[in-house]
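Engineer: Quick one: structure below, then a few questions.
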Amino acid sequence: MSIFECSPTARIERLSVTALARRAAMLLASSVCLSAQAVHLSENGIGQALLYPYYTARGGTVSVITVVNHTDRAKALKVRFIEGKASKEVLDFNLYLSAHDQWAVAIGAATSGVGAIIKTLDRSCTTPPIPVEGQAFVDYAYRSDPIAGTLDRTMEGYAEIIEMADILPGSPSEAAITHRAGIPNDCTSLRSDTLPRDIIVGSGGLSGQGYLITPNSGTSYGYAATALENFAKNQPVWFEPGSINPNLTHVNPKISLVFDRRLGLVMTDWSTGSASVPVDPVSAVLSRGYVQNTYTTNANIGGTSSWVVTMPTKSYYFRGTNQVRLFPSDLTAAGSCHTANLEGWDAEAGIVTTSLRGGGAPNQMCWESSVINFGTGGATIASSNAYRAGTLPGADGNARLSFGTALLSTKGAVTTIISPNATVKVRTDVAYVGLPVIGFQLTSMSGANKQYPALYPHRGEVDIR
């Protein structure tokens, strides 16, 4: 058995080592044990919380999101759709999956022509039930914010699915959720407003996919949801439908685990900081000093490229419309703006620093789920939260989006750093450089009346100082 198991004290005390070596081993072992409780990005795409960077119902596009339960446990999940300008919720409900169940929903434009609507033929239990004719998104959460707007604001954004709890094996709730001949036994027995008695801490095991399908052009882009492992390890996080909870602030314990190629494993206990925000652990694992991806605007192949850039924790750094940390400006009718610098390289490493333009000042991004279009032509995907890159070094290349001086300071929170050579340091002055960001690049090429769509996840470097 390893000395790094999570009851290490007696085992290490029996080792014939010096007191100093024993102390170092104890600190290392304790750090490794604690890291087993820390939220982190899943390497295999399976976890407790799933972030879907983008949905849209614009331009005839239908978005589909799916979730798979890889375990032999029934689960209670929160499904939430969030508009892209200021991350205001437009719909949520509770979803119950039986063991090894899969669920899917489509988001499209409402038949009225105003706003988005979801539809599903899936039989898995939801509370409240989703009507056969679909459930329209709503604008209640943003009617009084500075941006305001109509139901059109619901037409694009992002989604999250959070595991609230496992269902106790052998319980009445598990029996109700479990499918027989493809249909759950008794969805009607699941009360929306009552905390189920037979729930236990969630065990994870969820993965997700998203699709952006435009029938008119014959294109379909598929992406994997970003998965957070060890999101809630201490207790179930069940809340009734219609509640803004659970959300990304319900990460527990308040510990993040990140790998920096220079420093090694970096673990921060945010509960010890003087100015921590409840969502800090999630922001830490999503923070990148920059994101990088490719683009094409090559007219010879009908190439267009667009980047989706989503910051799923941004809204938690405001009290009302006043920013309290991380992001530099308050929420106004133009959004909350921050620096966004774009550099591009052509295929032969020629470089240019290019401008990024939207509705406001250049080199500023203000929305919480945005689309950057490359070139002077059309867009790969329709968006009202769009920016356009300026002059690029070539028709094909790669670009880097960085975020100025933005950083998430630990403000005294205790950070344990395990270096690649297994030395351990404890610091209270760590800074996670950059911003919490997820997303991908969309490219469309055409020829002979055919479309060739492609999607590539962003790459970005962790930068901890």
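Letters for chains follow the order of the structure tokens (A, B, ...), residue numbers begin at 1 for each chain, and ligand numbers begin at 1 in the order shown.
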Pick out the residues sitting within 9 Å of region 56-63 of chain A, and hand them over as a ChimeraX atom specification; count only C-alpha atoms, and ignore anything fewer than 3 positions along from it in its own chain.
Structural biologist: /A:105-110,115-117,154-158,210-216,381-384
Engineer: Please indicate the distance in Å from CA of Thr194 (chain A) to CA of Pro241 (chain A), rounded to one decimal place.
Structural biologist: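 Computing the Euclidean distance for CA of Thr194 (chain A) and CA of Pro241 (chain A) yields 10.1 Å.
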Engineer: Report as JSON, numbers by chain all protein, DNA and RNA residues lying within 9 Å of Asp260 (chain A), evaluated on only C-alpha atoms, omitting residues in the same chain fewer than 6 positions from it.
Structural biologist: {"A": [266, 461, 462, 463, 464]}
Engineer: Could you give me, as a PyMOL selection string, each residue of region 115-158 of chain A that DSSP assigns to strand (DSSP E or B) when run on this structure's backbone?
Structural biologist: chain A and resi 116-119+125-127+135-136+156-158
Engineer: Show which residues sit within 12 Å of region 171-188 of chain A, as a PyMOL selection string. Count only C-alpha atoms, and ignore same-chain residues fewer than 4 positions away.
Structural biologist: chain A and resi 72-76+94-102+121-130+165-167+192+195-200
Engineer: List as a tab-separated table (two decimals) with all heavy atoms, in the first residue's frame the protein and nucleic acid residues near region 148-152 of chain A, meaning an atom at most 8 Å away when only C-alpha atoms are counted, but skip any in the same chain fewer than 6 places from it.
Structural biologist:
chain	number	residue	atom	x	y	z
A	114	VAL	N	-40.52	34.29	-32.15
A	114	VAL	CA	-39.89	35.10	-31.11
A	114	VAL	C	-39.38	34.17	-30.01
A	114	VAL	O	-40.16	33.47	-29.37
A	114	VAL	CB	-40.88	36.12	-30.51
A	114	VAL	CG1	-40.18	36.96	-29.45
A	114	VAL	CG2	-41.44	37.02	-31.60
A	115	GLY	N	-38.08	34.17	-29.79
A	115	GLY	CA	-37.52	33.38	-28.71
A	115	GLY	C	-37.28	31.94	-29.09
A	115	GLY	O	-37.63	31.47	-30.18
A	116	ALA	N	-36.68	31.21	-28.15
A	116	ALA	CA	-36.31	29.81	-28.36
A	116	ALA	C	-37.22	28.89	-27.55
A	116	ALA	O	-37.88	29.32	-26.58
A	116	ALA	CB	-34.85	29.58	-27.98
A	137	PHE	N	-38.54	29.21	-23.74
A	137	PHE	CA	-37.67	29.93	-22.83
A	137	PHE	C	-38.37	31.21	-22.37
A	137	PHE	O	-39.25	31.74	-23.05
A	137	PHE	CB	-36.35	30.27	-23.51
A	137	PHE	CG	-35.44	29.09	-23.71
A	137	PHE	CD1	-34.27	29.22	-24.44
A	137	PHE	CD2	-35.73	27.84	-23.18
A	137	PHE	CE1	-33.41	28.16	-24.63
A	137	PHE	CE2	-34.88	26.76	-23.35
A	137	PHE	CZ	-33.72	26.92	-24.09
A	138	VAL	N	-37.95	31.72	-21.22
A	138	VAL	CA	-38.61	32.88	-20.62
A	138	VAL	C	-37.59	34.00	-20.38
A	138	VAL	O	-36.37	33.76	-20.33
A	138	VAL	CB	-39.30	32.50	-19.29
A	138	VAL	CG1	-40.42	31.51	-19.55
A	138	VAL	CG2	-38.31	31.95	-18.29
A	139	ASP	N	-38.10	35.21	-20.21
A	139	ASP	CA	-37.23	36.38	-20.05
A	139	ASP	C	-37.29	37.00	-18.66
A	139	ASP	O	-36.81	38.11	-18.44
A	139	ASP	CB	-37.60	37.44	-21.09
A	139	ASP	CG	-39.04	37.93	-20.96
A	139	ASP	OD1	-39.78	37.42	-20.08
A	139	ASP	OD2	-39.44	38.81	-21.74
A	142	TYR	N	-34.03	38.65	-16.89
A	142	TYR	CA	-33.28	39.79	-17.40
A	142	TYR	C	-34.15	41.00	-17.76
A	142	TYR	O	-33.65	42.00	-18.28
A	142	TYR	CB	-32.43	39.39	-18.62
A	142	TYR	CG	-33.18	38.87	-19.83
A	142	TYR	CD1	-33.87	39.72	-20.69
A	142	TYR	CD2	-33.16	37.51	-20.14
A	142	TYR	CE1	-34.52	39.25	-21.81
A	142	TYR	CE2	-33.80	37.02	-21.27
A	142	TYR	CZ	-34.48	37.90	-22.11
A	142	TYR	OH	-35.13	37.42	-23.21
A	333	ALA	N	-25.68	48.53	-20.32
A	333	ALA	CA	-26.44	48.13	-21.50
A	333	ALA	C	-25.55	47.51	-22.56
A	333	ALA	O	-26.01	46.75	-23.42
A	333	ALA	CB	-27.17	49.34	-22.07
Engineer: CA of Ala386 (chain A) and CA of Lys88 (chain A), how far apart in Å?
Structural biologist: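 Here the two named atoms are 18.1 Å from each other.
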Engineer: Using DSSP on the backbone coordinates, identify all residues within region 197-329 of chain A classified as helix (DSSP H, G or I); present the result as an MDAnalysis selection string.
Structural biologist: chainID A and resid 248:250 270:272 280:286 299:301 314:317
